[in-house]
file start_4.txt (compact mmCIF, C-alpha atoms and all ligand atoms)
# COMPACT_ATOMS: atom_id res chain seq x y z
CA MET A 227 17.12 48.41 190.23
CA GLU A 228 16.33 49.16 186.66
CA THR A 229 17.20 45.97 184.79
CA ARG A 230 15.41 43.73 187.28
CA GLN A 231 12.02 45.22 186.57
CA ARG A 232 9.98 44.19 183.60
CA PRO A 233 8.13 46.85 181.61
CA LYS A 234 4.61 46.15 180.39
CA ASP A 235 5.55 45.35 176.80
CA ILE A 236 9.19 45.62 175.91
CA GLY A 237 8.56 44.89 172.23
CA GLN A 238 5.94 47.52 171.62
CA GLU A 239 8.10 50.55 170.80
CA LEU A 240 10.29 48.54 168.47
CA LYS A 241 7.36 47.70 166.22
CA HIS A 242 7.04 51.38 165.40
CA GLY A 243 10.31 51.57 163.46
CA MET A 244 12.30 53.95 165.65
CA THR A 245 15.51 53.35 163.70
CA ALA A 246 14.06 54.62 160.41
CA ASP A 247 16.08 57.83 160.22
CA VAL A 248 19.60 56.70 161.10
CA ASN A 249 22.19 58.26 158.78
CA GLY A 250 25.90 59.14 158.72
CA LYS A 251 25.48 62.00 161.17
CA THR A 252 23.48 60.11 163.80
CA ARG A 253 24.96 60.39 167.30
CA ILE A 254 25.02 57.05 169.08
CA PHE A 255 24.23 56.48 172.75
CA ALA A 256 24.03 53.16 174.56
CA VAL A 257 23.41 51.29 177.77
CA ILE A 258 25.62 48.43 178.92
CA GLY A 259 24.74 45.81 181.50
CA CYS A 260 24.29 42.10 182.03
CA PRO A 261 21.47 41.20 181.73
CA ILE A 262 20.23 44.10 179.59
CA GLU A 263 17.11 42.67 177.94
CA HIS A 264 14.68 44.29 180.40
CA SER A 265 16.21 47.74 180.31
CA VAL A 266 13.65 50.46 179.58
CA SER A 267 16.30 53.12 178.95
CA PRO A 268 16.24 52.64 175.15
CA GLN A 269 12.50 53.42 175.15
CA LEU A 270 13.00 56.49 177.30
CA HIS A 271 15.93 58.02 175.42
CA ASN A 272 14.67 57.25 171.92
CA SER A 273 11.33 58.84 172.80
CA ILE A 274 13.15 62.01 173.93
CA TYR A 275 15.08 62.17 170.64
CA ARG A 276 11.87 61.67 168.66
CA GLU A 277 10.04 64.32 170.66
CA LEU A 278 12.84 66.86 170.14
CA GLY A 279 13.60 65.81 166.55
CA MET A 280 17.24 65.01 167.41
CA ASN A 281 19.40 62.88 165.13
CA CYS A 282 20.40 60.44 167.87
CA ILE A 283 19.83 56.78 168.67
CA TYR A 284 20.18 54.81 171.91
CA VAL A 285 20.94 51.09 171.84
CA PRO A 286 21.33 48.35 174.48
CA PHE A 287 24.47 46.17 174.67
CA ARG A 288 24.80 43.07 176.79
CA VAL A 289 28.36 43.25 178.13
CA GLU A 290 29.57 40.28 180.18
CA PRO A 291 31.69 41.21 183.22
CA GLY A 292 34.91 39.94 181.57
CA CYS A 293 34.30 42.10 178.48
CA LEU A 294 33.91 45.50 180.15
CA GLU A 295 37.35 46.84 179.32
CA ALA A 296 37.06 45.79 175.67
CA ALA A 297 33.59 47.37 175.47
CA VAL A 298 34.85 50.68 176.86
CA ARG A 299 37.81 50.72 174.47
CA GLY A 300 35.40 49.89 171.64
CA PHE A 301 33.11 52.77 172.54
CA LYS A 302 36.09 55.13 172.42
CA ALA A 303 37.21 53.76 169.08
CA LEU A 304 33.71 54.03 167.63
CA ASN A 305 33.23 57.54 169.02
CA VAL A 306 30.02 56.63 170.84
CA ALA A 307 28.76 59.93 172.29
CA GLY A 308 27.72 58.62 175.70
CA PHE A 309 26.42 55.59 177.50
CA ASN A 310 24.62 54.43 180.62
CA VAL A 311 26.03 51.76 182.84
CA THR A 312 23.94 49.33 184.83
CA VAL A 313 24.35 46.17 186.91
CA PRO A 314 26.99 44.70 187.30
CA HIS A 315 29.34 47.38 185.92
CA LYS A 316 28.57 50.54 187.92
CA GLN A 317 31.63 50.19 190.16
CA SER A 318 34.04 48.23 187.98
CA ILE A 319 33.86 50.84 185.22
CA ILE A 320 35.42 53.55 187.41
CA PRO A 321 39.11 52.68 186.86
CA LEU A 322 38.48 52.49 183.10
CA LEU A 323 37.36 56.12 182.84
CA ASP A 324 39.47 59.27 182.35
CA GLU A 325 37.57 61.43 184.82
CA ILE A 326 34.93 61.04 187.55
CA ASP A 327 32.49 63.69 188.69
CA ALA A 328 32.68 64.51 192.43
CA GLU A 329 29.25 63.09 193.37
CA ALA A 330 29.87 59.84 191.45
CA GLU A 331 33.19 59.51 193.24
CA LEU A 332 31.53 60.00 196.61
CA ILE A 333 28.86 57.42 195.82
CA GLY A 334 31.45 55.06 194.36
CA ALA A 335 29.34 54.21 191.32
CA VAL A 336 28.90 55.54 187.77
CA ASN A 337 25.71 55.14 185.73
CA THR A 338 26.37 57.72 183.01
CA VAL A 339 29.47 58.24 180.86
CA LYS A 340 30.03 61.16 178.50
CA ASN A 341 32.56 61.04 175.69
CA GLU A 342 34.21 64.45 175.58
CA ASN A 343 36.51 64.43 172.54
CA GLY A 344 37.81 60.98 173.37
CA ARG A 345 37.94 61.45 177.15
CA LEU A 346 35.39 59.39 179.04
CA CYS A 347 33.87 61.20 182.05
CA GLY A 348 31.75 59.34 184.61
CA TYR A 349 28.70 60.69 186.43
CA ASN A 350 26.00 59.31 188.70
CA THR A 351 22.48 60.49 187.93
CA ASP A 352 20.77 57.88 190.16
CA ALA A 353 21.11 59.91 193.34
CA GLU A 354 20.11 63.27 191.85
CA GLY A 355 17.26 61.66 189.89
CA PHE A 356 15.98 60.08 193.08
CA ALA A 357 16.20 63.33 195.07
CA ARG A 358 14.24 65.24 192.43
CA ALA A 359 11.60 62.55 192.00
CA PHE A 360 11.17 62.27 195.76
CA ARG A 361 10.87 66.04 196.20
CA GLU A 362 8.26 66.39 193.46
CA GLU A 363 6.11 63.46 194.51
CA SER A 364 6.22 63.78 198.28
CA GLY A 365 6.41 67.56 198.44
CA THR A 366 9.36 67.47 200.86
CA GLY A 367 13.12 66.93 201.01
CA PHE A 368 15.47 65.24 203.51
CA ARG A 369 16.77 68.12 205.62
CA ASP A 370 16.40 67.28 209.35
CA LYS A 371 14.38 64.15 208.52
CA LYS A 372 14.89 60.68 209.96
CA VAL A 373 15.07 58.20 207.11
CA ALA A 374 15.04 54.39 207.12
CA ILE A 375 16.41 52.51 204.11
CA LEU A 376 15.50 48.84 203.61
CA GLY A 377 18.22 46.85 201.80
CA ALA A 378 21.95 47.38 201.48
CA GLY A 379 22.85 46.98 197.79
CA GLY A 380 24.04 49.54 195.27
CA ALA A 381 20.80 51.54 195.27
CA ALA A 382 20.78 51.76 199.08
CA ARG A 383 24.38 52.99 199.11
CA ALA A 384 23.74 55.76 196.56
CA LEU A 385 20.57 56.89 198.32
CA ALA A 386 22.10 56.78 201.81
CA ILE A 387 24.97 59.04 200.75
CA LYS A 388 22.68 61.44 198.88
CA ILE A 389 20.19 61.65 201.75
CA ALA A 390 22.97 62.28 204.28
CA LEU A 391 24.44 64.98 201.99
CA GLU A 392 21.01 66.63 201.84
CA GLY A 393 21.09 67.12 205.61
CA ALA A 394 19.05 64.25 207.05
CA ALA A 395 19.06 64.02 210.85
CA GLN A 396 19.41 60.23 210.66
CA VAL A 397 19.85 57.55 207.98
CA GLY A 398 19.09 54.08 209.34
CA ILE A 399 19.95 51.15 207.09
CA ILE A 400 17.99 47.98 207.79
CA ASN A 401 19.05 44.79 206.04
CA ARG A 402 18.75 41.01 206.21
CA THR A 403 22.57 40.76 206.14
CA GLU A 404 23.67 43.08 208.91
CA GLU A 405 27.28 43.37 207.78
CA LYS A 406 26.27 44.95 204.46
CA ALA A 407 24.15 47.55 206.27
CA ARG A 408 27.08 48.30 208.61
CA ASP A 409 29.44 48.76 205.63
CA ILE A 410 27.12 51.36 204.11
CA ALA A 411 26.61 53.17 207.42
CA ARG A 412 30.39 53.32 207.94
CA LEU A 413 30.89 54.67 204.41
CA VAL A 414 28.19 57.32 204.82
CA ASN A 415 29.67 58.45 208.12
CA GLU A 416 33.17 58.62 206.63
CA LYS A 417 32.12 60.54 203.53
CA THR A 418 29.45 62.84 204.90
CA GLY A 419 30.34 63.22 208.57
CA GLY A 420 27.76 61.21 210.47
CA ALA A 421 24.02 60.53 210.81
CA ALA A 422 24.05 56.90 209.61
CA LEU A 423 23.43 53.74 211.61
CA ALA A 424 22.67 50.14 210.72
CA ALA A 425 20.48 47.35 212.06
CA LYS A 426 19.64 43.79 211.19
CA TYR A 427 16.13 43.24 209.83
CA GLY A 428 13.98 41.78 212.62
CA SER A 429 16.04 43.23 215.49
CA LEU A 430 14.69 45.52 218.19
CA GLU A 431 17.01 48.26 216.94
CA SER A 432 15.55 47.98 213.42
CA ARG A 433 12.03 48.36 214.86
CA GLU A 434 13.07 51.49 216.72
CA ILE A 435 14.66 52.96 213.61
CA PHE A 436 11.53 52.16 211.59
CA ALA A 437 9.09 53.55 214.15
CA GLY A 438 11.09 56.76 214.57
CA SER A 439 11.50 57.44 210.83
CA ASP A 440 9.71 60.16 208.89
CA ILE A 441 10.58 58.47 205.60
CA VAL A 442 10.92 54.73 204.84
CA ILE A 443 12.50 53.69 201.53
CA ASN A 444 12.47 50.16 200.12
CA THR A 445 15.45 49.32 197.89
CA THR A 446 15.06 45.52 198.08
CA PRO A 447 13.37 43.65 195.20
CA VAL A 448 10.81 42.16 197.60
CA GLY A 449 7.27 42.76 196.26
CA MET A 450 8.36 43.24 192.66
CA TYR A 451 6.24 41.67 189.91
CA PRO A 452 5.31 38.81 189.92
CA GLU A 453 5.70 38.50 193.75
CA LEU A 454 2.76 40.79 194.46
CA ASP A 455 1.94 39.31 197.86
CA ARG A 456 5.38 39.89 199.36
CA CYS A 457 6.49 42.84 201.48
CA PRO A 458 10.00 43.76 202.70
CA LEU A 459 8.52 44.43 206.17
CA ASP A 460 6.40 41.89 208.00
CA ASP A 461 3.28 43.25 209.70
CA THR A 462 5.00 43.64 213.06
CA TYR A 463 6.54 46.76 211.50
CA ASP A 464 3.49 49.01 211.57
CA PHE A 465 3.40 52.27 209.58
CA HIS A 466 1.91 55.31 211.25
CA ALA A 467 0.24 58.38 209.72
CA GLY A 468 2.70 61.10 208.84
CA GLN A 469 5.35 58.71 207.52
CA ILE A 470 6.28 58.74 203.84
CA ALA A 471 6.79 55.35 202.19
CA TYR A 472 8.90 55.23 199.04
CA ASP A 473 9.36 52.07 196.99
CA ALA A 474 12.10 51.87 194.35
CA ILE A 475 9.90 49.26 192.65
CA TYR A 476 7.60 50.60 189.90
CA ASN A 477 6.04 47.34 188.73
CA PRO A 478 3.51 46.85 190.25
CA ALA A 479 2.71 50.55 190.58
CA LYS A 480 1.45 49.87 194.09
CA THR A 481 3.37 47.19 195.98
CA LEU A 482 2.07 45.60 199.15
CA PHE A 483 4.61 47.80 201.02
CA LEU A 484 2.96 50.94 199.55
CA SER A 485 -0.62 49.80 200.04
CA ARG A 486 0.06 48.93 203.70
CA ALA A 487 1.54 52.40 204.19
CA GLU A 488 -1.42 54.05 202.45
CA GLN A 489 -3.89 52.18 204.63
CA LYS A 490 -2.24 53.83 207.64
CA GLY A 491 -2.59 57.30 206.09
CA CYS A 492 0.99 57.63 204.81
CA ILE A 493 2.06 59.26 201.54
CA ALA A 494 3.10 56.39 199.26
CA VAL A 495 5.36 56.88 196.21
CA ASN A 496 6.75 54.37 193.70
CA GLY A 497 10.05 54.46 191.80
CA LEU A 498 8.87 55.27 188.27
CA ARG A 499 9.66 58.97 188.34
CA TRP A 500 13.10 58.19 189.77
CA LEU A 501 13.82 55.94 186.79
CA PHE A 502 12.60 58.71 184.49
CA TYR A 503 14.69 61.49 186.04
CA GLN A 504 17.94 59.51 186.17
CA GLY A 505 17.49 59.20 182.40
CA ILE A 506 16.61 62.87 181.93
CA TYR A 507 19.73 63.93 183.84
CA ALA A 508 21.87 61.62 181.67
CA PHE A 509 20.31 63.20 178.57
CA GLU A 510 21.13 66.67 179.91
CA ILE A 511 24.75 65.73 180.68
CA TRP A 512 25.28 64.29 177.19
CA THR A 513 23.60 67.02 175.18
CA GLY A 514 24.03 70.11 177.36
CA LYS A 515 20.31 70.76 176.76
CA ARG A 516 17.92 71.47 179.61
CA LEU A 517 14.66 69.62 178.99
CA ASP A 518 11.69 71.97 179.08
CA GLU A 519 9.29 71.20 182.00
CA GLU A 520 6.28 70.86 179.71
CA ILE A 521 8.06 68.41 177.41
CA ALA A 522 9.35 66.48 180.43
CA ALA A 523 5.78 66.16 181.75
CA LYS A 524 4.53 64.94 178.37
CA LEU A 525 7.38 62.42 178.11
CA PHE A 526 6.73 61.18 181.62
CA ASP A 527 3.07 60.52 180.80
CA LYS A 528 4.10 58.50 177.78
CA PHE A 529 6.81 56.67 179.73
CA SER A 530 4.39 55.88 182.50
CA ASN A 531 1.87 54.44 180.00
CA THR A 532 4.41 52.17 178.29
CA VAL A 533 6.65 51.21 181.22
CA GLY A 534 4.72 51.79 184.44
CA GLY A 535 3.19 48.87 186.31
CA LYS A 536 -0.55 48.45 186.80
P1 LIG B 601 20.84 46.90 194.04
O1 LIG B 601 22.33 46.85 193.91
O2 LIG B 601 20.11 47.04 192.74
O3 LIG B 601 20.38 47.83 195.07
P2 LIG B 601 21.07 44.31 195.31
O4 LIG B 601 22.52 44.44 195.42
O5 LIG B 601 20.52 43.05 194.76
O6 LIG B 601 20.37 45.45 194.47
O7 LIG B 601 20.50 44.61 196.79
C1 LIG B 601 19.31 44.24 197.13
C2 LIG B 601 19.17 44.32 198.65
O8 LIG B 601 17.92 43.74 198.91
C3 LIG B 601 20.22 43.53 199.41
O9 LIG B 601 20.63 44.23 200.53
C4 LIG B 601 19.49 42.25 199.81
O10 LIG B 601 19.76 41.75 201.11
P3 LIG B 601 21.12 40.98 201.45
O11 LIG B 601 22.16 42.03 201.60
O12 LIG B 601 20.81 40.28 202.73
O13 LIG B 601 21.35 40.04 200.31
C5 LIG B 601 18.06 42.71 199.86
N1 LIG B 601 17.19 41.59 199.51
C6 LIG B 601 17.12 40.91 198.36
N2 LIG B 601 16.20 39.92 198.44
C7 LIG B 601 15.71 39.97 199.69
C8 LIG B 601 14.73 39.22 200.39
N3 LIG B 601 14.06 38.21 199.81
N4 LIG B 601 14.48 39.54 201.69
C9 LIG B 601 15.14 40.55 202.28
N5 LIG B 601 16.07 41.30 201.66
C10 LIG B 601 16.36 41.02 200.39
call {"tool": "encode", "arguments": {"input": "start_4.txt", "output": "structure tokens"}}
result
Amino acid sequence: METRQRPKDIGQELKHGMTADVNGKTRIFAVIGCPIEHSVSPQLHNSIYRELGMNCIYVPFRVEPGCLEAAVRGFKALNVAGFNVTVPHKQSIIPLLDEIDAEAELIGAVNTVKNENGRLCGYNTDAEGFARAFREESGTGFRDKKVAILGAGGAARALAIKIALEGAAQVGIINRTEEKARDIARLVNEKTGGAALAAKYGSLESREIFAGSDIVINTTPVGMYPELDRCPLDDTYDFHAGQIAYDAIYNPAKTLFLSRAEQKGCIAVNGLRWLFYQGIYAFEIWTGKRLDEEIAAKLFDKFSNTVGGK
């Protein structure tokens, strides 16, 4: 989701000269993707290094799909300490790595790579970052809950597996293209032992899944800036009080999907804290440091002011 969303002012941080202190001992981190211009990860990671006074820098690289292998070999040769991976490389990078963490393997996607003395190890911090953000903002987890996921792309797959692993009673995937929802449901059931089902958007089955869900998560880009008047659910899908609505979109801060849910008395949460925590977990994997809660809160405030939607 990350690269598709536009931060408030991507140029702002750069004007403040964040590269001023680079020297021979600076550890280099990166993010690769295509496109990469809208990534907010450089802002997030460089602000952590500044806050903690660490001699590190984080830079974006646009890597075309045909150049992935060369980029990975280059990172090894240059002894880059770690890097994030975003669309379209999260799956295709897997065979190029030396090791994959168990959760990343289960999800089938890597968003964080650590260079351990020349061995590249892949992790996925998207799922864990989401689970933590969701827990903190909604005050609840997924155990015994019925969850509906809108969309069936990479984000939906990672979340569906994570939510099933956390003990959800049901994970219903609703998507415009039914086959893609079915593929994810099959995968979740294979890997986690059940609880997933799929339905085509607009079908009676999808309405039943929606109406019976405690938690409804939007992973489609529908309603993202500048399409403020669009919603991934038409108004025949009616929220009811007690449901939690979660939107992976963070710009605008309140999508039409979230405001409709709020009007019906639901808890409504956007995806900004998820984006933040997937980055914090990557930082912790690379550095072995646990970020202090107080510093994390301060960094989130800053992040939310520079990156968060209105
Ligand atoms: P990501 O990998 O970041 O999750 P993605 O692969 O682009 O993103 O997936 C986005 C999901 O949103 C897809 O399931 C897509 O539906 P299709 O599978 O039918 O393509 C869904 N999506 C995108 N635009 C949509 C729209 N205008 N209406 C409904 N669903 C949409």
call {"tool": "residues_near_point", "arguments": {"input": "start_4.txt", "point": "(10.9, 40.2, 207.6)", "cutoff": "10 Å", "atoms": "only C-alpha atoms", "output": "list of chain:residue names"}}
result
A:Asn401, A:Arg402, A:Tyr427, A:Gly428, A:Ser429, A:Arg456, A:Cys457, A:Pro458, A:Leu459, A:Asp460, A:Asp461, A:Thr462, A:Tyr463
call {"tool": "closest_residue", "arguments": {"input": "start_4.txt", "among": "A:Leu525, A:Ala381, A:Val414, A:Leu501", "to": "ligand LIG 601 (chain B)", "atoms": "all atoms listed in the file"}}
result
A:Ala381
call {"tool": "closest_residue", "arguments": {"input": "start_4.txt", "among": "A:Lys480, A:Phe526, A:Glu510, A:Glu295", "to": "A:Leu454", "atoms": "all atoms listed in the file"}}
result
A:Lys480
call {"tool": "closest_residue", "arguments": {"input": "start_4.txt", "among": "A:Gly420, A:Gly379, A:Ile389, A:Lys536", "to": "A:Tyr451", "atoms": "all atoms listed in the file"}}
result
A:Lys536
call {"tool": "closest_atom_pairs", "arguments": {"input": "start_4.txt", "of": "chain A", "to": "ligand LIG 601 (chain B)", "cutoff": "10 Å", "atoms": "only C-alpha atoms and all ligand atoms", "output": "Markdown table"}}
result
| residue | atom | partner | partner_atom | distance |
| --- | --- | --- | --- | --- |
| A:Met227 | CA | B:LIG601 | O2 | 4.1 |
| A:Glu228 | CA | B:LIG601 | O2 | 7.5 |
| A:Thr229 | CA | B:LIG601 | O2 | 8.5 |
| A:Arg230 | CA | B:LIG601 | O2 | 7.9 |
| A:Thr312 | CA | B:LIG601 | O2 | 9.1 |
| A:Val313 | CA | B:LIG601 | O2 | 7.3 |
| A:Pro314 | CA | B:LIG601 | O1 | 8.4 |
| A:Lys316 | CA | B:LIG601 | O1 | 9.4 |
| A:Ile375 | CA | B:LIG601 | O9 | 10.0 |
| A:Leu376 | CA | B:LIG601 | O8 | 7.3 |
| A:Gly377 | CA | B:LIG601 | O9 | 3.8 |
| A:Ala378 | CA | B:LIG601 | O9 | 3.5 |
| A:Gly379 | CA | B:LIG601 | O7 | 3.5 |
| A:Gly380 | CA | B:LIG601 | O1 | 3.5 |
| A:Ala381 | CA | B:LIG601 | O3 | 3.7 |
| A:Ala382 | CA | B:LIG601 | O3 | 5.6 |
| A:Arg383 | CA | B:LIG601 | O3 | 7.7 |
| A:Ala384 | CA | B:LIG601 | O3 | 8.7 |
| A:Leu385 | CA | B:LIG601 | O3 | 9.6 |
| A:Ile399 | CA | B:LIG601 | O9 | 9.6 |
| A:Ile400 | CA | B:LIG601 | O9 | 8.6 |
| A:Asn401 | CA | B:LIG601 | O9 | 5.8 |
| A:Arg402 | CA | B:LIG601 | O12 | 4.1 |
| A:Thr403 | CA | B:LIG601 | O12 | 3.9 |
| A:Glu404 | CA | B:LIG601 | O12 | 7.4 |
| A:Glu405 | CA | B:LIG601 | O11 | 8.1 |
| A:Lys406 | CA | B:LIG601 | O11 | 5.8 |
| A:Ala407 | CA | B:LIG601 | O11 | 7.5 |
| A:Lys426 | CA | B:LIG601 | O12 | 9.2 |
| A:Tyr427 | CA | B:LIG601 | C9 | 8.1 |
| A:Asn444 | CA | B:LIG601 | O8 | 8.5 |
| A:Thr445 | CA | B:LIG601 | O3 | 5.9 |
| A:Thr446 | CA | B:LIG601 | O8 | 3.5 |
| A:Pro447 | CA | B:LIG601 | C6 | 5.6 |
| A:Val448 | CA | B:LIG601 | N3 | 5.6 |
| A:Gly449 | CA | B:LIG601 | N3 | 8.9 |
| A:Arg456 | CA | B:LIG601 | N3 | 8.9 |
| A:Cys457 | CA | B:LIG601 | N4 | 8.6 |
| A:Pro458 | CA | B:LIG601 | C9 | 6.1 |
| A:Leu459 | CA | B:LIG601 | C9 | 8.6 |
| A:Ala474 | CA | B:LIG601 | O3 | 9.2 |
call {"tool": "closest_residue", "arguments": {"input": "start_4.txt", "among": "A:Val298, A:Ile443, A:Leu413, A:Val248", "to": "A:Tyr275", "atoms": "only C-alpha atoms"}}
result
A:Val248
call {"tool": "closest_residue", "arguments": {"input": "start_4.txt", "among": "A:Ile506, A:Cys282, A:Gln469, A:Cys293", "to": "A:Lys490", "atoms": "all atoms listed in the file"}}
result
A:Gln469
call {"tool": "atom_distance", "arguments": {"input": "start_4.txt", "atom1": "atom CA of A:Leu332", "atom2": "atom CA of A:Val257"}}
result
22.3 Å
call {"tool": "residues_around", "arguments": {"input": "start_4.txt", "residues": "A:Val442", "least_positions_apart": "4", "cutoff": "12 Å", "atoms": "all atoms listed in the file", "output": "VMD selection string"}}
result
chain A and resid 360 368 371 to 377 382 385 to 386 389 396 to 400 432 to 433 435 to 438 458 to 459 463 to 466 468 to 474 483 to 484 487 492 to 496
call {"tool": "atom_distance", "arguments": {"input": "start_4.txt", "atom1": "atom CA of A:Arg358", "atom2": "atom CA of A:Arg516"}}
result
14.7 Å
